[in-house]
Amino acid sequence: MNNRYELNKNLAQMLKGGVIMDVTTAEQARIAQEAGACAVMALERIPADIRSAGGVSRMSDPKMIKSIQDAVSIPVMAKVRIGHFAEAQILEAIEIDYIDESEVLSPADDTFHIDKTAFSVPFVCGAKDLGEALRRISEGASMIRTKGEPGTGDVVQAVRHMRLINQQIRMIQNTRADELFQLAKDLQVPYDLVQLVNETGKLPVVNFAAGGIATPADAALMMQLGAEGVFVGSGIFKSGNPAKRAQAIVKAVTNYNDAKLLAELSEDLGEAMVGINEQEIELLMAQRGV
Amino acid sequence: MKQTIGVLAVQGAFEEHIKALKKLDTDCIEIRKPSDLTNHSLDGLVLPGGESTVIGKLLRELELFEPIKKMIIEGLPVLGTCAGLILLASKITEDETIHFGTMNMVARRNAYGRQLGSFVTEAEFDACGKTPMVFIRAPYIESVGVDVEILARVDNHIVAARQNNMVVTSFHPELTADLTVHQYFLRLVQQKAKTCVA
């Protein structure tokens, strides 16, 4: 692999143990940085609003993204539609720190993801199982996150995806070398990545949790299930006291094993975002792009 | 006897430092709360890379800031990489923030720009020869006080330095297989241990 890909994986390593927060304005970006976000995701509408507004959802206005780049010193990420490499070229042109090829936006291509190896800027992609994760990595993603179910405040899908990815990793680890070829076929992924997971027992890139995380307890749950950090989308700025909740989630990610501290952090956070249960929604964003 | 090195583990690439230090046969302690500092006798401390705004904030809120600052002032050997360098700098360019501020130097954050400016290169590190250096949205040191020894330069910018018990690099030694910087730091730890006994 070339230097650029290594450097891009390295940036994700620097984000570990941190919280990446969705923000829609420069002001929110400053609140997020102040609260301890390790990066922000700049987007015009947070997932919960995308969900309620309906219609086609696209890459954000570069002007709005640039205003956020100017407002904070931490890395700035932004989303492009699945398969929309022209949107990705635009974000690369404004020197975004990370591109999220995201199922939260309306997919632009129902067959092909972006060839991420053609870019210098890094990509993070969602996955709900190991096959998806390794396919995205073979396309050039340098960071993976669970898809979860964005904009719901319901953590059940993120849990399901994180557990499944880690179960499948353990399964590969315990597979005989001569059976890995068939396993690669079953998972529809390149053999060399399967072999790598077999040897190391982990994904070759950093893996964050995303989708439906709304409380310090949700964040701690995902970290204990093996996430290396978390994305919080609608959970913060859809809640009663964004700054306080954001800070509490940051500390929960650092001290995810300290139940006493988590109890303190969970106190008095005000109204959590109004969640919708998985069964109550018509559009499952996690099913976009496999 | 094995050396015991504390690695600040509130955010960032602390696991990578622990892996490198374990290859050099040290015991590593993850530092997340004040009791982690008092329950072990530390011979040295690593402040890893990550986001300095996050680490600086968590240090204060988790009540680690004052005890660590005191240990550094009292002479505990400390290695600060990237964000760790920012934490130790006595001044940050175009920024009012000062964290520990114990090392006499001016550092510039994100000195090479955004992620597209990240790069890898090789340069002399002290007298240890060519060393691979990975820069990720890295700072560099704009100037140092007279009591600071310059250990490495890249393109005329200072990227590694030492002042008494403090060693800093703006690059990430923990991201390569090369152990030069960690070995350098552990030699310092050993020297300091000897001076204390004497």
# chains A, B, ... in the order shown; residues from 1 in each chain; ligands from 1
$ closest_atom_pairs --of "chain A" --to "chain B" --cutoff "10 Å" --atoms "only C-alpha atoms" --output "Markdown table"
| residue | atom | partner | partner_atom | distance |
| --- | --- | --- | --- | --- |
| A:Asn3 | CA | B:Val120 | CA | 7.2 |
| A:Arg4 | CA | B:Phe119 | CA | 7.7 |
| A:Glu6 | CA | B:Val120 | CA | 9.4 |
| A:Leu7 | CA | B:Ser118 | CA | 6.8 |
| A:Asn8 | CA | B:Gln115 | CA | 7.8 |
| A:Asn10 | CA | B:Ile136 | CA | 7.2 |
| A:Leu11 | CA | B:Ile136 | CA | 6.2 |
| A:Ala12 | CA | B:Gly12 | CA | 9.2 |
| A:Gln13 | CA | B:Ala13 | CA | 5.7 |
| A:Met14 | CA | B:Gly50 | CA | 4.4 |
| A:Leu15 | CA | B:Gly12 | CA | 5.6 |
| A:Lys16 | CA | B:Gly12 | CA | 5.0 |
| A:Gly17 | CA | B:Gln11 | CA | 4.7 |
| A:Gly18 | CA | B:Gln11 | CA | 5.9 |
| A:Val19 | CA | B:Val54 | CA | 9.5 |
| A:Gln33 | CA | B:Thr53 | CA | 7.5 |
| A:Glu34 | CA | B:Thr53 | CA | 7.9 |
| A:Ala35 | CA | B:Val54 | CA | 8.1 |
| A:Gly36 | CA | B:Val54 | CA | 4.6 |
| A:Ala37 | CA | B:Val54 | CA | 6.6 |
| A:Cys38 | CA | B:Glu51 | CA | 5.9 |
| A:Ala39 | CA | B:Glu51 | CA | 8.5 |
| A:Gln69 | CA | B:Arg114 | CA | 9.7 |
| A:Ser73 | CA | B:Asn110 | CA | 7.8 |
| A:Ile74 | CA | B:Glu51 | CA | 7.0 |
| A:Pro75 | CA | B:Arg114 | CA | 7.6 |
| A:Val76 | CA | B:Arg114 | CA | 9.1 |
| A:Glu92 | CA | B:Leu116 | CA | 8.7 |
| A:Glu95 | CA | B:Leu116 | CA | 6.6 |
| A:Ile96 | CA | B:Arg114 | CA | 7.5 |
| A:Asp97 | CA | B:Gln115 | CA | 5.1 |
| A:Tyr98 | CA | B:Gln115 | CA | 8.0 |
| A:Ser120 | CA | B:Leu116 | CA | 6.9 |
| A:Val121 | CA | B:Leu116 | CA | 6.3 |
| A:Pro122 | CA | B:Gln115 | CA | 8.3 |
| A:Glu228 | CA | B:Gly12 | CA | 9.9 |
| A:Gly229 | CA | B:Gln11 | CA | 9.2 |
| A:Gln247 | CA | B:Leu58 | CA | 9.5 |
| A:Val250 | CA | B:Leu58 | CA | 8.5 |
| A:Lys251 | CA | B:Leu58 | CA | 7.2 |
| A:Val253 | CA | B:Gln11 | CA | 8.8 |
| A:Thr254 | CA | B:Val10 | CA | 5.3 |
| A:Asn255 | CA | B:Arg32 | CA | 7.3 |
| A:Leu261 | CA | B:Leu62 | CA | 10.0 |
$ select_by_dssp --residues "stretch 56-290 of chain A" --states "helix (DSSP H, G or I)" --output "PyMOL selection string"
chain A and resi 62-71+85-93+116-118+130-138+156-173+177-187+191-200+216-224+234-237+242-254+259-265+278-280+285-287
$ residues_around --residues "A:Asn166" --least-positions-apart "3" --cutoff "10 Å" --atoms "only C-alpha atoms" --output "list in words"
Asp129, Leu130, His161, Met162, Arg163, Ile169, Arg170, Met171, Ile172, Gly201, Lys202, Leu203, Leu225, Gly226 and Ala227 of chain A
$ residues_around --residues "A:Glu103" --least-positions-apart "2" --cutoff "7 Å" --atoms "only C-alpha atoms" --output "number ranges by chain"
A: 81-82, 105-107, 285-286, 288-289
$ write_last_selection --atoms "N, CA and C atoms" --output "PDB file, in the first residue's frame"
ATOM      1  N   ARG A  81     -22.818  11.199  -1.046  1.00  0.00           N
ATOM      2  CA  ARG A  81     -23.729  10.096  -1.319  1.00  0.00           C
ATOM      3  C   ARG A  81     -22.943   8.859  -1.766  1.00  0.00           C
ATOM      4  N   ILE A  82     -23.442   7.697  -1.441  1.00  0.00           N
ATOM      5  CA  ILE A  82     -22.795   6.455  -1.874  1.00  0.00           C
ATOM      6  C   ILE A  82     -22.639   6.484  -3.393  1.00  0.00           C
ATOM      7  N   LEU A 105     -27.237   9.925   3.425  1.00  0.00           N
ATOM      8  CA  LEU A 105     -27.682  10.670   2.245  1.00  0.00           C
ATOM      9  C   LEU A 105     -28.318   9.691   1.256  1.00  0.00           C
ATOM     10  N   SER A 106     -29.050  10.237   0.282  1.00  0.00           N
ATOM     11  CA  SER A 106     -29.650   9.363  -0.731  1.00  0.00           C
ATOM     12  C   SER A 106     -28.550   8.782  -1.610  1.00  0.00           C
ATOM     13  N   PRO A 107     -28.535   7.466  -1.818  1.00  0.00           N
ATOM     14  CA  PRO A 107     -27.476   6.893  -2.652  1.00  0.00           C
ATOM     15  C   PRO A 107     -27.533   7.448  -4.079  1.00  0.00           C
ATOM     16  N   MET A 285     -32.074   3.206   6.608  1.00  0.00           N
ATOM     17  CA  MET A 285     -30.916   3.718   5.888  1.00  0.00           C
ATOM     18  C   MET A 285     -29.780   2.693   5.841  1.00  0.00           C
ATOM     19  N   ALA A 286     -29.707   1.838   6.888  1.00  0.00           N
ATOM     20  CA  ALA A 286     -28.621   0.865   6.965  1.00  0.00           C
ATOM     21  C   ALA A 286     -28.633  -0.110   5.787  1.00  0.00           C
ATOM     22  N   ARG A 288     -28.943   0.682   2.726  1.00  0.00           N
ATOM     23  CA  ARG A 288     -28.385   1.300   1.530  1.00  0.00           C
ATOM     24  C   ARG A 288     -26.908   0.919   1.371  1.00  0.00           C
ATOM     25  N   GLY A 289     -26.547   0.417   0.180  1.00  0.00           N
ATOM     26  CA  GLY A 289     -25.141   0.158  -0.127  1.00  0.00           C
ATOM     27  C   GLY A 289     -24.596  -1.036   0.631  1.00  0.00           C
TER      28      GLY A 289
END
$ select_by_dssp --residues "chain B" --states "strand (DSSP E or B)" --output "NGL selection string"
:B and (4-8 or 27-31 or 44-47 or 78-81 or 89-92 or 95 or 103-108 or 119-124 or 130-135 or 140-144 or 149-154 or 157-163 or 166-169)
$ closest_residue --among "A:Asp49, A:Asp61, A:Asp178, A:Asp100" --to "A:Val80" --atoms "only C-alpha atoms"
A:Asp100
$ residues_around --residues "B:Lys2" --least-positions-apart "4" --cutoff "8 Å" --atoms "only C-alpha atoms" --output "ChimeraX atom specification"
/B:25-27
$ closest_residue --among "A:Pro204, A:Gly148, A:Pro47, A:Gly54" --to "A:Thr24" --atoms "only C-alpha atoms"
A:Pro47
$ residues_around --residues "B:Met103" --least-positions-apart "3" --cutoff "7 Å" --atoms "only C-alpha atoms" --output "PDB file with N, CA and C atoms, in the first residue's frame"
ATOM      1  N   LEU B  88       2.959  20.319  26.297  1.00  0.00           N
ATOM      2  CA  LEU B  88       4.130  20.736  27.067  1.00  0.00           C
ATOM      3  C   LEU B  88       4.622  22.139  26.709  1.00  0.00           C
ATOM      4  N   ALA B  89       4.214  22.656  25.540  1.00  0.00           N
ATOM      5  CA  ALA B  89       4.762  23.921  25.059  1.00  0.00           C
ATOM      6  C   ALA B  89       4.388  25.095  25.965  1.00  0.00           C
ATOM      7  N   SER B  90       5.366  25.994  26.175  1.00  0.00           N
ATOM      8  CA  SER B  90       5.089  27.161  27.023  1.00  0.00           C
ATOM      9  C   SER B  90       4.276  28.206  26.270  1.00  0.00           C
ATOM     10  N   GLN B 163      14.342  19.187  26.724  1.00  0.00           N
ATOM     11  CA  GLN B 163      14.727  20.103  27.787  1.00  0.00           C
ATOM     12  C   GLN B 163      14.729  19.285  29.071  1.00  0.00           C
TER      13      GLN B 163
END
$ atom_distance --atom1 "atom CA of A:Ala71" --atom2 "atom CA of A:Arg30"
6.5 Å
$ atom_distance --atom1 "atom CA of B:Ile98" --atom2 "atom CA of B:Arg153"
23.8 Å
$ closest_residue --among "A:Ala118, A:Met222, A:Ala246, A:Leu183" --to "A:Ala86" --atoms "only C-alpha atoms"
A:Ala118
